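Trainee: Below are the structure tokens for one structure; questions will follow.
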Amino acid sequence: MNLDSLGELIVEDYESMLGEAYKSIKPTEFCDRFEVKKVEGMHEGNKTVITNFAQVVQCLRRNPDHVARYLFKELASPGNIDGDRLILTRKLPSAMINEKIGKYVENFVKCANCGKPDTEILSEAGKSFLKCMACGTKKEIHNL
Ligand SMILES: [Zn+2]
């Protein structure tokens with residue numbers, strides 16, 4: 001093998017690597033991996049409507065129902081998911097909602113061992129676990 005063909009090989013590999021990386025980040029390209037997206041919303045009468053709920057949840061890579069259940073419980077406010085929006089039946093300041101989402105991330109997204117957000121929730125025998133794809137740590141979490 002001469003130097004030229006070696007050079008080409010490296011370029012090709014580099015490109016396919018980039019391709020892989022691109023594919024894996026594409027669905028959440030508007031998300032910062034380590035920064036939680038702030039909620040956007042408004043008050044409608046005594047209700048709070050989070051208009052970017054789907055986007056916030058997509059960045060957390062979590063099931064919208066799971067995040068919603070947590071918020072309903074933590075905010076002591078029932079509500080429902082309406083398309084991309086979350087409707088809470090209490091008038092709540094956005095700072096309070098952002099704080100709860102931050103707590104959600106600490107409990108259900110970030111790995112307790114390495115702090116990375118590359119995790120998934122597993123259910124086994126009625127228990128829930130947070131499994132880290134980066135370091136392999138598996139920690140039991142509360143069922144919601
Ligand atoms: Zn980890």
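Going through the structure tokens in order, the chains are called A, B, and so on, while each chain numbers its residues from 1 and the ligands are numbered from 1 in the order shown.
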Write out as a list in words each polymer residue (protein, DNA or RNA) that has an atom no more than 9 Å from ligand 1, with only C-alpha atoms and all ligand atoms counted.
Mentor: Lys110, Cys111, Ala112, Asn113, Cys114, Gly115, Lys116, Pro117, Asp118, Thr119, Lys131, Cys132, Met133, Ala134, Cys135, Gly136, Thr137 and Lys138 of chain A
Trainee: I'd like the contact shell of A:Val36 - 10 Å cut-off, only C-alpha atoms, skipping same-chain residues fewer than 5 positions apart - returned as an mmCIF file with C-alpha atoms, in the first residue's frame.
Mentor:
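To be explicit, this is the file written out as part-v2.cif:
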data_model
loop_
_atom_site.group_PDB
_atom_site.id
_atom_site.type_symbol
_atom_site.label_atom_id
_atom_site.label_comp_id
_atom_site.auth_asym_id
_atom_site.auth_seq_id
_atom_site.Cartn_x
_atom_site.Cartn_y
_atom_site.Cartn_z
ATOM 1 C CA CYS A 31 -30.930 20.362 21.706
ATOM 2 C CA VAL A 56 -38.396 19.980 25.720
ATOM 3 C CA VAL A 57 -39.258 16.294 26.067
ATOM 4 C CA CYS A 59 -34.385 16.995 24.091
ATOM 5 C CA LEU A 60 -34.638 14.910 27.247
ATOM 6 C CA ASN A 98 -38.262 24.780 34.829
ATOM 7 C CA ILE A 101 -37.893 19.755 34.864
ATOM 8 C CA GLY A 102 -34.377 20.260 36.234
ATOM 9 C CA VAL A 105 -33.347 15.508 34.661
#
Trainee: Taking only C-alpha atoms into account, name the residue in A:Lys127, A:Lys38, A:Asp32, A:Phe53 that is nearest to A:Ile87.
Mentor: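 Counting only C-alpha atoms, the residue closest to A:Ile87 is A:Phe53.
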Trainee: What lies within 10 Å of A:Gly45 using only C-alpha atoms, ignoring chain neighbours under 2 positions off, as a PDB file with N, CA and C atoms, in the first residue's frame?
Mentor:
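Output (result_7.pdb):
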ATOM      1  N   MET A  42     -47.743  30.104  28.301  1.00  0.00           N
ATOM      2  CA  MET A  42     -48.592  31.236  28.643  1.00  0.00           C
ATOM      3  C   MET A  42     -49.650  30.794  29.629  1.00  0.00           C
ATOM      4  N   HIS A  43     -50.272  31.779  30.227  1.00  0.00           N
ATOM      5  CA  HIS A  43     -51.394  31.488  31.104  1.00  0.00           C
ATOM      6  C   HIS A  43     -52.678  31.757  30.345  1.00  0.00           C
ATOM      7  N   LYS A  47     -55.211  28.379  33.798  1.00  0.00           N
ATOM      8  CA  LYS A  47     -54.398  27.281  33.284  1.00  0.00           C
ATOM      9  C   LYS A  47     -53.027  27.779  32.843  1.00  0.00           C
ATOM     10  N   THR A  48     -52.081  26.836  32.826  1.00  0.00           N
ATOM     11  CA  THR A  48     -50.763  27.132  32.275  1.00  0.00           C
ATOM     12  C   THR A  48     -50.566  26.236  31.054  1.00  0.00           C
ATOM     13  N   THR A  89     -53.634  22.497  34.934  1.00  0.00           N
ATOM     14  CA  THR A  89     -54.855  23.179  35.347  1.00  0.00           C
ATOM     15  C   THR A  89     -54.644  24.076  36.564  1.00  0.00           C
ATOM     16  N   ARG A  90     -53.446  24.591  36.703  1.00  0.00           N
ATOM     17  CA  ARG A  90     -53.166  25.625  37.716  1.00  0.00           C
ATOM     18  C   ARG A  90     -52.338  26.692  37.049  1.00  0.00           C
ATOM     19  N   LYS A  91     -52.404  27.874  37.616  1.00  0.00           N
ATOM     20  CA  LYS A  91     -51.596  28.972  37.094  1.00  0.00           C
ATOM     21  C   LYS A  91     -50.231  28.903  37.800  1.00  0.00           C
TER      22      LYS A  91
END
Trainee: What's the 12 Å shell around A:Leu144, counting only C-alpha atoms, without same-chain residues fewer than 4 positions away, as a ChimeraX atom specification?
Mentor: /A:65-74,104,107-108,121,123,126-129
Trainee: Quick check, in Å to one decimal: how far apart do atom CA of A:Val39 and atom CA of A:Ala95 lie?
Mentor: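 Computed distance, atom CA of A:Val39 to atom CA of A:Ala95, equals 8.7 Å.
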Trainee: Let me make sure I understand: among A:Glu140, A:Glu120, A:Asp82, A:Glu99, which one has the smallest atom-to-atom distance to A:Asn63 if we use only C-alpha atoms?
Mentor: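 Using only C-alpha atoms, A:Asn63 sits closest to A:Glu120.
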